[in-house]
Structures are given as structure tokens and as C-alpha cells.
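Right, one structure below, let's go through it.
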Amino acid sequence: MDARSAALVRANFRTVVEAPHGPERLISAFYGHLFAEIPALRELFPSAMDMQPKRLVTAIQFVLDNLEDWDRAQRFLEQLARDHRKYGVEAAHYDIAGRALLHAFRSYNGTANWSRQLEAGWRDITILISASMAIGANSDKSQPYWEATVVGHRRVVDDLAIVRLQTDTPIPYQAGQYVPIAIPQRPKMWRYLSPAIPTNPYGEIEFHVRKVRTGWVSPAIVNETQVGDRWMIAAPLGGLHVDLSTRKDVLMIGSGTGIAPLRAQLIEMGRRGINPRVHLFMGGRYPCDLYDVENMWQLSQSNPWLTVVPVCENETNPWWHPYPPAETPFGMHRRLIGNLGAVVASFGAWTDRQIQIAGSATMIADTRRALMAVGTPMSAISSDPV
């Protein structure tokens with residue numbers, strides 16, 4: 001695609017994203033056309049599709065941002081297609097999906113705003129997307145998901161639970177990756193969670209889940225999950241990892257349950273004899289958000305390459321979080337007080353480190369900005385989409 005066409009479709013997509021309810025209107029047109037052409041596809045998706053506009057718009061934006069680095073965009077699309085196998089979507093469906101996406105843009109813009117040049121530009125984009133996803137769907141012959149049984153459910157605080165499962169067969173994920181999960185209380189509503197322990201031959205896997213007040217799935221996991229429930233866990237995604245070949249030390253920054261992928265990597269590193277130095281900054285609004293600091297402290301005691309630094313925005317818990325107490329056996333007087341990103345950046349640019357950030361989208365963005373403001377190169381920072 002030439003530069004002029006790329007600029008045209010990017011500008012057009014920006015009008016969609018910035019318009020009130022623009023993404024919802026676009027995605028409604030897309031699925032309306034798709035399901036009209038293949039009604040059976042509707043049965044593969046959950047009845048409530050409130051997350052779909054955000055996800056599809058995010059995916060299209062990533063593609064448009066990487067048109068000049070198509071290898072990166074293609075890897076993303078192939079992985080996205082492999083992930084969609086859990087719904088039962090097959091390679092043959094993507095040609096139809098590409099046509100539906102072009103129809104959605106044509107319908108959204110209307111006759112007055114739809115030009116021959118815009119038609120040609122979006123046709124090129126939708127063909128690239130559908131072809132890349134078909135390649136991805138055909139490239140993976142492994143099973144689309146595994147089944148697992150809940151063997152433990154522990155409420156750490158009122159809105160946070162640790163769930164331990166036993167999979168029927170071990171899942172081949174790497175420490176630092178995340179996996180899609182579906183629970184019996186919310187069928188077909190797949191959500192993404194990071195295992196908090198590395199894979200093992202016994203099929204054990206653990207998730208740390210915080211209840212999102214407006215969410216569909218996380219409240220059910222925290223409030224309703226019982227031992228014996230059967231979950232589905234789909235193929236692993238993501239690329240957070242420590243690159244041992246660079247011989248660079250590591251900076252890990254995690255908040256709340258976002259520490260899970262960092263935790264899994266650190267536990268795995270603890271099984272090795274030689275590791276780079278790692279500084280782990282664990283953040284939270286309140287001391288109770290540092291629910292796993294004791295375990296990380298104990299890991300650091302037996303692994304001198306690991307330094308754990310707890311950070312809180314507030315010195316004490318609010319009245320509605322009476323447990324755990326503000327002070328713990330770890331000695332919470334050692335924690336630093338302040339915004340996590342600002343605290344980490346106050347130590348310098350960490351230019352000699354490979355850096356991982358895990359947490360909410362807001363936390364990742366704020367921490368990335370704070371580090372780059374003190375001179376951290378963007379290329380040194382890794383995070384997964386949330």
C-alpha cells in the first residue's frame with residue numbers, strides 16, 4: 001500500500017474512533033453482515049458481546065500503526081487467528097470476515113463520505129487482514145483448548161481470589177504468557193488471565209483474579225467459583241520473557257494481580273543456578289493490594305539476585321479493607337510511598353535493564369511515560385496488551 005492510501009485509511013479510521021459510539025456502530029455493521037452471511041457463526045460467540053468493539057478496534061489500530069512494519073502486523077494477526085480457534089472459527093471464515101469488514105466501513109461512512117480511493121484503500125487492508133489470519137488459523141494444528149478442574153479457591157481479600165486448577169493434560173505455556181479462560185458460570189465469555197506459576201508436568205496452574213465491579217466474568221470467579229468447577233483454557237499468548245542471551249539485568253514492575261506473569265517468571269528463574277539481577281517493584285493503592293509480597297520476599301531470601309521493592313500510594317488500608325492489616329510480618333514499614341511509575345523513575349532511567357511492566361492499561365501507560373520522561377528507551381520496555 002502506498003503512503004497516500006495509508007494516510008487516507010488512517011484518517012478515516014480516526015474519525016470512527018473519535019466519533020460518539022463510532023466503534024460500536026462500526027462493529028455492529030460488521031457482525032450484522034457477517035452473521036447474515038453465515039448465521040451459524042453467531043452460535044460460536046457469547047450472547048453479550050460488549051467487549052467486541054474495543055477488541056476489534058484495538059486490533060485494526062495495531063494493524064494500521066504497523067503498515068510499514070508488516071512482519072510485525074502479520075505476526076499479530078496470525079496469533080489473533082490462532083486465539084480465535086477457541087470459538088470454533090476456521091481459516092475459511094476469514095475471507096467472509098474480510099468482506100464483512102469492508103462492508104462495515106462502507107456502511108458506516110455512507111455514500112456521501114465513501115470515495116473510490118477510500119474503497120480501494122480499505123479493500124487492500126481487509127484483504128491483508130483476512131489473508132494473514134487465514135494463514136495463522138492454518139498454521140496451528142494443536143488442540144484449541146484444554147479442560148481443567150478447580151482444586152482450590154481462596155479469597156485473599158474481599159475482591160481478590162487465588163484459584164488453583166488441575167488440567168487434564170499439561171498446557172505448554174511459557175512463564176510470562178497469558179491464556180484465554182472460560183468458566184461454567186459465563187459460557188463462551190472468554191477472558192485473558194496470566195498464570196501465576198510456571199507450567200509443570202502435573203498440570204497445575206494458578207490464577208490471581210481481582211473482581212472488576214462492572215465485569216461479567218471476574219465477579220463470578222471471585223464470588224461463585226467452587227472446587228470441582230470445570231474451566232476451559234485456550235492456547236497461550238503473549239511474549240513477556242527474560243532474554244538471557246543479552247546478559248542484561250532485569251527491571252520488573254507490576255501492580256495488583258498484574259504481578260502474576262512476573263511472579264511465574266521469577267519462580268521459574270529460582271529453579272536455575274545463575275540468573276541476571278532482578279529488581280521487582282510491586283505496587284498498589286493500599287497495603288492490602290500487596291497481597292503476595294510475603295511470597296516474593298521469601299523467594300528473594302533464597303535468591304540473592306532478586307530485590308523486592310513494595311510501593312503503595314497510601315500508607316494504610318481504607319476502612320472497607322480491614323484485612324490484611326497495614327503491617328505484616330514482612331515489615332511493611334519498608335515500603336515506599338507514592339505513584340508506582342514515579343517511584344521507579346526516581347531511581348533513574350534503568351537504561352542497562354530489560355524492562356517488563358504488567359498491570360492495568362492505565363498503570364502500564366503511566367509507568368511507560370514516567371520512564372521515558374527520564375530517558376528510558378522505548379525499545380527496552382515490554383508489556384502485553386490489556
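Identifiers for the C-alpha cells are assigned positionally: chains receive A, B, ... in sequence, residues are indexed from 1 per chain, and ligands are indexed from 1 in the order shown.
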May I have the residues within 12 Å of Asn303 in chain A as a PyMOL selection string, using only C-alpha atoms and disregarding those fewer than 4 positions away in the same chain? chain A and resi 266-279+296-299+307-308
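DSSP on the backbone gives strand (DSSP E) for these parts of range 208-305 of chain A: His208, Val209, Arg210, Arg230, Trp231, Met232, Ile233, Ala234, Asp249, Val250, Leu251, Met252, Ile253, Gly254, Ser255, Val278, His279, Leu280, Phe281, Met282, Gly283 and Gly284 of chain A.
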Mind checking which residues fall within 12 Å of range 32-39 of chain A, counting only C-alpha atoms, ignoring those fewer than 2 positions away in the same chain, and posting them as a ChimeraX atom specification? /A:24-30,41-45,89,92-107
I need the chosen residues saved as a compact mmCIF listing (two decimals), in the first residue's frame, with N, CA and C atoms.
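As written to disk, result36.txt reads:
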# COMPACT_ATOMS: atom_id res chain seq x y z
N GLU A 24 -18.82 1.26 18.23
CA GLU A 24 -19.99 0.38 18.38
C GLU A 24 -20.78 0.29 17.08
N ARG A 25 -20.95 1.42 16.39
CA ARG A 25 -21.69 1.41 15.12
C ARG A 25 -20.95 0.60 14.06
N LEU A 26 -19.63 0.77 14.00
CA LEU A 26 -18.83 0.03 13.02
C LEU A 26 -18.91 -1.47 13.28
N ILE A 27 -18.73 -1.86 14.52
CA ILE A 27 -18.69 -3.29 14.85
C ILE A 27 -20.08 -3.91 14.69
N SER A 28 -21.12 -3.14 14.99
CA SER A 28 -22.47 -3.65 14.78
C SER A 28 -22.71 -3.95 13.31
N ALA A 29 -22.23 -3.06 12.43
CA ALA A 29 -22.37 -3.29 10.99
C ALA A 29 -21.56 -4.50 10.55
N PHE A 30 -20.37 -4.66 11.12
CA PHE A 30 -19.51 -5.80 10.77
C PHE A 30 -20.17 -7.12 11.13
N LEU A 41 -22.38 -18.83 12.54
CA LEU A 41 -21.27 -18.23 13.28
C LEU A 41 -21.74 -17.56 14.56
N ARG A 42 -22.98 -17.08 14.59
CA ARG A 42 -23.47 -16.39 15.78
C ARG A 42 -23.45 -17.31 16.99
N GLU A 43 -23.65 -18.60 16.78
CA GLU A 43 -23.68 -19.55 17.88
C GLU A 43 -22.31 -19.75 18.52
N LEU A 44 -21.25 -19.32 17.83
CA LEU A 44 -19.91 -19.52 18.36
C LEU A 44 -19.52 -18.45 19.37
N PHE A 45 -20.27 -17.34 19.39
CA PHE A 45 -19.91 -16.21 20.23
C PHE A 45 -20.88 -16.08 21.40
N VAL A 89 -13.79 -20.80 15.11
CA VAL A 89 -13.60 -20.09 13.85
C VAL A 89 -12.50 -20.78 13.05
N ALA A 92 -11.34 -20.82 6.68
CA ALA A 92 -12.25 -20.49 5.58
C ALA A 92 -13.16 -19.32 5.93
N HIS A 93 -13.35 -19.02 7.22
CA HIS A 93 -14.25 -17.95 7.62
C HIS A 93 -13.65 -16.56 7.40
N TYR A 94 -12.32 -16.47 7.28
CA TYR A 94 -11.70 -15.14 7.28
C TYR A 94 -11.90 -14.38 5.98
N ASP A 95 -12.06 -15.07 4.88
CA ASP A 95 -12.36 -14.38 3.63
C ASP A 95 -13.71 -13.67 3.73
N ILE A 96 -14.68 -14.35 4.35
CA ILE A 96 -16.01 -13.76 4.55
C ILE A 96 -15.92 -12.61 5.55
N ALA A 97 -15.10 -12.80 6.60
CA ALA A 97 -14.95 -11.74 7.60
C ALA A 97 -14.32 -10.49 6.99
N GLY A 98 -13.37 -10.69 6.06
CA GLY A 98 -12.76 -9.54 5.38
C GLY A 98 -13.78 -8.76 4.58
N ARG A 99 -14.65 -9.48 3.87
CA ARG A 99 -15.69 -8.80 3.11
C ARG A 99 -16.67 -8.07 4.02
N ALA A 100 -16.98 -8.69 5.16
CA ALA A 100 -17.89 -8.06 6.12
C ALA A 100 -17.28 -6.79 6.70
N LEU A 101 -15.96 -6.80 6.92
CA LEU A 101 -15.31 -5.61 7.47
C LEU A 101 -15.33 -4.47 6.45
N LEU A 102 -15.07 -4.79 5.18
CA LEU A 102 -15.14 -3.75 4.13
C LEU A 102 -16.56 -3.20 4.03
N HIS A 103 -17.56 -4.08 4.09
CA HIS A 103 -18.96 -3.65 4.06
C HIS A 103 -19.26 -2.73 5.24
N ALA A 104 -18.70 -3.05 6.42
CA ALA A 104 -18.96 -2.24 7.62
C ALA A 104 -18.42 -0.83 7.44
N PHE A 105 -17.22 -0.69 6.90
CA PHE A 105 -16.67 0.65 6.68
C PHE A 105 -17.47 1.41 5.63
N ARG A 106 -17.90 0.71 4.58
CA ARG A 106 -18.71 1.35 3.54
C ARG A 106 -20.03 1.83 4.13
N SER A 107 -20.65 0.98 4.95
CA SER A 107 -21.93 1.32 5.56
C SER A 107 -21.78 2.45 6.56
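For Ala380 in chain A, the list of residues within 9 Å, based on only C-alpha atoms and with local chain neighbours fewer than 3 positions off taken out, reads A:Thr351, A:Asp352, A:Arg353, A:Gln354, A:Ile355, A:Gln356, A:Thr376, A:Pro377.
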Could you give me, as a list in words, the residues within 9 Å of Arg85 in chain A, counting only C-alpha atoms and dropping anything in the same chain fewer than 3 positions from it?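 Counting only the stated atoms, we get Ala81, Arg82, Gly88, Val89, Glu90, Ala137, Gln143, Pro144, Tyr145, Ala234 and Ala235 of chain A.
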Need the shell around Leu371 in chain A: protein/DNA/RNA residues with any atom at most 10 Å away, counting only C-alpha atoms. Skip same-chain ones fewer than 5 positions apart. Format as a PDB file with N, CA, C and O atoms, in the first residue's frame?
ATOM      1  N   GLY A 341       4.892   4.314  38.995  1.00  0.00           N
ATOM      2  CA  GLY A 341       5.755   4.749  37.903  1.00  0.00           C
ATOM      3  C   GLY A 341       6.715   5.843  38.326  1.00  0.00           C
ATOM      4  O   GLY A 341       7.900   5.825  37.969  1.00  0.00           O
ATOM      5  N   ALA A 342       6.213   6.808  39.104  1.00  0.00           N
ATOM      6  CA  ALA A 342       7.059   7.914  39.553  1.00  0.00           C
ATOM      7  C   ALA A 342       8.164   7.427  40.478  1.00  0.00           C
ATOM      8  O   ALA A 342       9.307   7.900  40.404  1.00  0.00           O
ATOM      9  N   VAL A 343       7.833   6.475  41.348  1.00  0.00           N
ATOM     10  CA  VAL A 343       8.835   5.939  42.280  1.00  0.00           C
ATOM     11  C   VAL A 343       9.939   5.221  41.512  1.00  0.00           C
ATOM     12  O   VAL A 343      11.132   5.421  41.757  1.00  0.00           O
ATOM     13  N   VAL A 344       9.549   4.369  40.557  1.00  0.00           N
ATOM     14  CA  VAL A 344      10.552   3.642  39.777  1.00  0.00           C
ATOM     15  C   VAL A 344      11.426   4.611  39.002  1.00  0.00           C
ATOM     16  O   VAL A 344      12.662   4.491  38.976  1.00  0.00           O
ATOM     17  N   ALA A 345      10.809   5.616  38.369  1.00  0.00           N
ATOM     18  CA  ALA A 345      11.562   6.585  37.573  1.00  0.00           C
ATOM     19  C   ALA A 345      12.486   7.444  38.429  1.00  0.00           C
ATOM     20  O   ALA A 345      13.494   7.962  37.935  1.00  0.00           O
ATOM     21  N   SER A 346      12.175   7.587  39.722  1.00  0.00           N
ATOM     22  CA  SER A 346      13.017   8.406  40.598  1.00  0.00           C
ATOM     23  C   SER A 346      14.397   7.797  40.813  1.00  0.00           C
ATOM     24  O   SER A 346      15.326   8.484  41.236  1.00  0.00           O
ATOM     25  N   PHE A 347      14.544   6.507  40.498  1.00  0.00           N
ATOM     26  CA  PHE A 347      15.844   5.844  40.635  1.00  0.00           C
ATOM     27  C   PHE A 347      16.690   5.992  39.378  1.00  0.00           C
ATOM     28  O   PHE A 347      17.818   5.492  39.325  1.00  0.00           O
ATOM     29  N   GLY A 348      16.149   6.625  38.330  1.00  0.00           N
ATOM     30  CA  GLY A 348      16.909   6.827  37.107  1.00  0.00           C
ATOM     31  C   GLY A 348      16.249   6.185  35.911  1.00  0.00           C
ATOM     32  O   GLY A 348      15.098   5.743  35.970  1.00  0.00           O
ATOM     33  N   ALA A 349      16.990   6.101  34.814  1.00  0.00           N
ATOM     34  CA  ALA A 349      16.420   5.648  33.544  1.00  0.00           C
ATOM     35  C   ALA A 349      16.489   4.137  33.360  1.00  0.00           C
ATOM     36  O   ALA A 349      15.876   3.605  32.431  1.00  0.00           O
ATOM     37  N   TRP A 350      17.268   3.442  34.192  1.00  0.00           N
ATOM     38  CA  TRP A 350      17.389   1.988  34.091  1.00  0.00           C
ATOM     39  C   TRP A 350      17.783   1.566  32.663  1.00  0.00           C
ATOM     40  O   TRP A 350      17.299   0.574  32.126  1.00  0.00           O
ATOM     41  N   THR A 351      18.655   2.324  32.037  1.00  0.00           N
ATOM     42  CA  THR A 351      18.996   2.061  30.640  1.00  0.00           C
ATOM     43  C   THR A 351      19.769   0.768  30.437  1.00  0.00           C
ATOM     44  O   THR A 351      19.865   0.275  29.309  1.00  0.00           O
ATOM     45  N   ASP A 366       0.996   4.922  32.230  1.00  0.00           N
ATOM     46  CA  ASP A 366       1.579   5.925  33.129  1.00  0.00           C
ATOM     47  C   ASP A 366       3.031   5.606  33.453  1.00  0.00           C
ATOM     48  O   ASP A 366       3.891   6.497  33.468  1.00  0.00           O
ATOM     49  N   THR A 376      14.476   6.579  29.582  1.00  0.00           N
ATOM     50  CA  THR A 376      14.427   5.155  29.263  1.00  0.00           C
ATOM     51  C   THR A 376      14.042   4.966  27.804  1.00  0.00           C
ATOM     52  O   THR A 376      13.030   5.515  27.365  1.00  0.00           O
ATOM     53  N   PRO A 377      14.818   4.201  27.038  1.00  0.00           N
ATOM     54  CA  PRO A 377      14.435   3.982  25.627  1.00  0.00           C
ATOM     55  C   PRO A 377      13.189   3.097  25.529  1.00  0.00           C
ATOM     56  O   PRO A 377      13.058   2.112  26.253  1.00  0.00           O
ATOM     57  N   MET A 378      12.271   3.493  24.654  1.00  0.00           N
ATOM     58  CA  MET A 378      11.031   2.742  24.500  1.00  0.00           C
ATOM     59  C   MET A 378      11.306   1.296  24.116  1.00  0.00           C
ATOM     60  O   MET A 378      10.573   0.380  24.505  1.00  0.00           O
ATOM     61  N   ILE A 381      11.389  -1.431  26.891  1.00  0.00           N
ATOM     62  CA  ILE A 381      10.203  -1.689  27.706  1.00  0.00           C
ATOM     63  C   ILE A 381       9.280  -2.692  27.019  1.00  0.00           C
ATOM     64  O   ILE A 381       8.918  -2.506  25.868  1.00  0.00           O
TER      65      ILE A 381
END
Pick the closest to Ala134 in chain A from A:Ser5, A:Gln79, A:Thr167, A:Thr149: which is it, counting only C-alpha atoms? A:Gln79
What does the structure give for the distance between CA of Pro198 in chain A and CA of Cys312 in chain A, in Å to one decimal?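 So the answer is 27.0 Å.
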DSSP on the backbone: what in range 119-251 of chain A comes out helix (DSSP H, G or I), as number ranges by chain? A: 119-139, 218-224, 244-246
Please produce a file of the residues just selected, as a short mmCIF file (atom, residue, chain, number, x, y, z; two decimals), in the first residue's frame, where the atoms kept are N, CA, C and O atoms.
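Result went into again.cif, see below:
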data_model
loop_
_atom_site.label_atom_id
_atom_site.label_comp_id
_atom_site.auth_asym_id
_atom_site.auth_seq_id
_atom_site.Cartn_x
_atom_site.Cartn_y
_atom_site.Cartn_z
N GLU A 119 -12.47 3.25 -0.84
CA GLU A 119 -12.86 1.86 -1.12
C GLU A 119 -11.63 1.02 -1.43
O GLU A 119 -11.46 -0.09 -0.89
N ALA A 120 -10.76 1.52 -2.29
CA ALA A 120 -9.56 0.77 -2.67
C ALA A 120 -8.62 0.58 -1.48
O ALA A 120 -8.06 -0.51 -1.28
N GLY A 121 -8.46 1.63 -0.67
CA GLY A 121 -7.58 1.53 0.49
C GLY A 121 -8.06 0.52 1.51
O GLY A 121 -7.29 -0.33 1.98
N TRP A 122 -9.35 0.59 1.86
CA TRP A 122 -9.88 -0.36 2.85
C TRP A 122 -9.96 -1.78 2.29
O TRP A 122 -9.81 -2.75 3.02
N ARG A 123 -10.18 -1.90 0.97
CA ARG A 123 -10.18 -3.25 0.38
C ARG A 123 -8.80 -3.89 0.54
O ARG A 123 -8.68 -5.07 0.90
N ASP A 124 -7.75 -3.11 0.28
CA ASP A 124 -6.38 -3.63 0.45
C ASP A 124 -6.13 -4.06 1.90
O ASP A 124 -5.57 -5.13 2.16
N ILE A 125 -6.57 -3.22 2.84
CA ILE A 125 -6.36 -3.53 4.26
C ILE A 125 -7.12 -4.79 4.66
O ILE A 125 -6.57 -5.69 5.34
N THR A 126 -8.37 -4.89 4.28
CA THR A 126 -9.18 -6.05 4.70
C THR A 126 -8.67 -7.34 4.06
O THR A 126 -8.74 -8.41 4.68
N ILE A 127 -8.14 -7.26 2.84
CA ILE A 127 -7.56 -8.45 2.21
C ILE A 127 -6.30 -8.89 2.96
O ILE A 127 -6.09 -10.08 3.24
N LEU A 128 -5.46 -7.92 3.34
CA LEU A 128 -4.25 -8.24 4.10
C LEU A 128 -4.61 -8.87 5.44
O LEU A 128 -3.99 -9.85 5.87
N ILE A 129 -5.61 -8.31 6.12
CA ILE A 129 -6.02 -8.84 7.42
C ILE A 129 -6.56 -10.26 7.28
O ILE A 129 -6.14 -11.18 8.01
N SER A 130 -7.50 -10.46 6.36
CA SER A 130 -8.13 -11.79 6.24
C SER A 130 -7.13 -12.84 5.77
O SER A 130 -7.15 -13.98 6.27
N ALA A 131 -6.22 -12.48 4.88
CA ALA A 131 -5.23 -13.46 4.40
C ALA A 131 -4.26 -13.84 5.51
O ALA A 131 -3.93 -15.03 5.69
N SER A 132 -3.81 -12.87 6.29
CA SER A 132 -2.88 -13.15 7.39
C SER A 132 -3.54 -14.03 8.45
O SER A 132 -2.91 -14.95 9.00
N MET A 133 -4.80 -13.76 8.74
CA MET A 133 -5.49 -14.55 9.77
C MET A 133 -5.78 -15.96 9.27
O MET A 133 -5.73 -16.93 10.06
N ALA A 134 -6.05 -16.11 7.99
CA ALA A 134 -6.24 -17.46 7.45
C ALA A 134 -4.95 -18.27 7.56
O ALA A 134 -4.97 -19.47 7.90
N ILE A 135 -3.83 -17.61 7.30
CA ILE A 135 -2.53 -18.28 7.45
C ILE A 135 -2.33 -18.71 8.91
O ILE A 135 -1.90 -19.83 9.19
N GLY A 136 -2.64 -17.82 9.83
CA GLY A 136 -2.49 -18.14 11.25
C GLY A 136 -3.36 -19.29 11.68
O GLY A 136 -2.93 -20.19 12.42
N ALA A 137 -4.62 -19.30 11.22
CA ALA A 137 -5.54 -20.38 11.60
C ALA A 137 -5.07 -21.73 11.07
O ALA A 137 -5.27 -22.76 11.71
N ASN A 138 -4.44 -21.72 9.89
CA ASN A 138 -3.96 -22.97 9.29
C ASN A 138 -2.63 -23.44 9.85
O ASN A 138 -2.24 -24.59 9.65
N SER A 139 -1.92 -22.54 10.55
CA SER A 139 -0.55 -22.85 10.96
C SER A 139 -0.47 -23.63 12.26
O SER A 139 0.60 -24.16 12.59
N SER A 218 -15.09 -11.73 36.00
CA SER A 218 -14.29 -11.71 37.22
C SER A 218 -15.13 -11.78 38.50
O SER A 218 -14.74 -12.47 39.45
N PRO A 219 -16.31 -11.11 38.60
CA PRO A 219 -17.11 -11.29 39.82
C PRO A 219 -17.55 -12.74 40.02
O PRO A 219 -17.62 -13.23 41.16
N ALA A 220 -17.85 -13.43 38.92
CA ALA A 220 -18.25 -14.84 39.04
C ALA A 220 -17.08 -15.70 39.52
O ALA A 220 -17.27 -16.63 40.31
N ILE A 221 -15.87 -15.39 39.06
CA ILE A 221 -14.71 -16.15 39.51
C ILE A 221 -14.48 -15.93 41.00
O ILE A 221 -14.25 -16.88 41.76
N VAL A 222 -14.54 -14.67 41.43
CA VAL A 222 -14.26 -14.36 42.83
C VAL A 222 -15.39 -14.84 43.75
O VAL A 222 -15.14 -15.42 44.82
N ASN A 223 -16.65 -14.64 43.34
CA ASN A 223 -17.78 -14.90 44.24
C ASN A 223 -18.39 -16.30 44.12
O ASN A 223 -18.93 -16.83 45.09
N GLU A 224 -18.34 -16.89 42.90
CA GLU A 224 -19.14 -18.09 42.66
C GLU A 224 -18.33 -19.35 42.37
O GLU A 224 -18.89 -20.45 42.40
N LEU A 244 17.90 -14.17 28.30
CA LEU A 244 19.17 -14.47 28.96
C LEU A 244 20.36 -14.24 28.03
O LEU A 244 21.49 -14.05 28.49
N SER A 245 20.12 -14.23 26.72
CA SER A 245 21.22 -14.09 25.78
C SER A 245 21.82 -12.69 25.79
O SER A 245 22.97 -12.49 25.38
N THR A 246 21.05 -11.68 26.25
CA THR A 246 21.56 -10.31 26.24
C THR A 246 22.50 -10.04 27.41
O THR A 246 23.24 -9.06 27.39
#
Nearest to Pro201 in chain A, restricted to only C-alpha atoms and choosing among A:Val227, A:Leu280, A:Ile171, A:Ala161, comes out as A:Ile171
Find the residue from A:Gly256, A:Gly152, A:Pro385, A:Gly215 that sits nearest to Leu240 in chain A; use only C-alpha atoms when measuring.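 The shortest atom-to-atom distance to Leu240 in chain A comes from A:Pro385.
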Counting only C-alpha atoms, which residue out of A:Phe207, A:Trp114, A:Trp190, A:Trp305 sits closest to His84 in chain A? A:Trp190
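Here CA of Gly238 in chain A and CA of Gln177 in chain A stand 4.9 Å from one another.
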Which residue out of A:Trp70, A:Tyr192, A:Phe13, A:Phe76 has the minimum interatomic distance to Met232 in chain A when only C-alpha atoms are used?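 Of the candidates, the smallest distance to Met232 in chain A is held by A:Tyr192.
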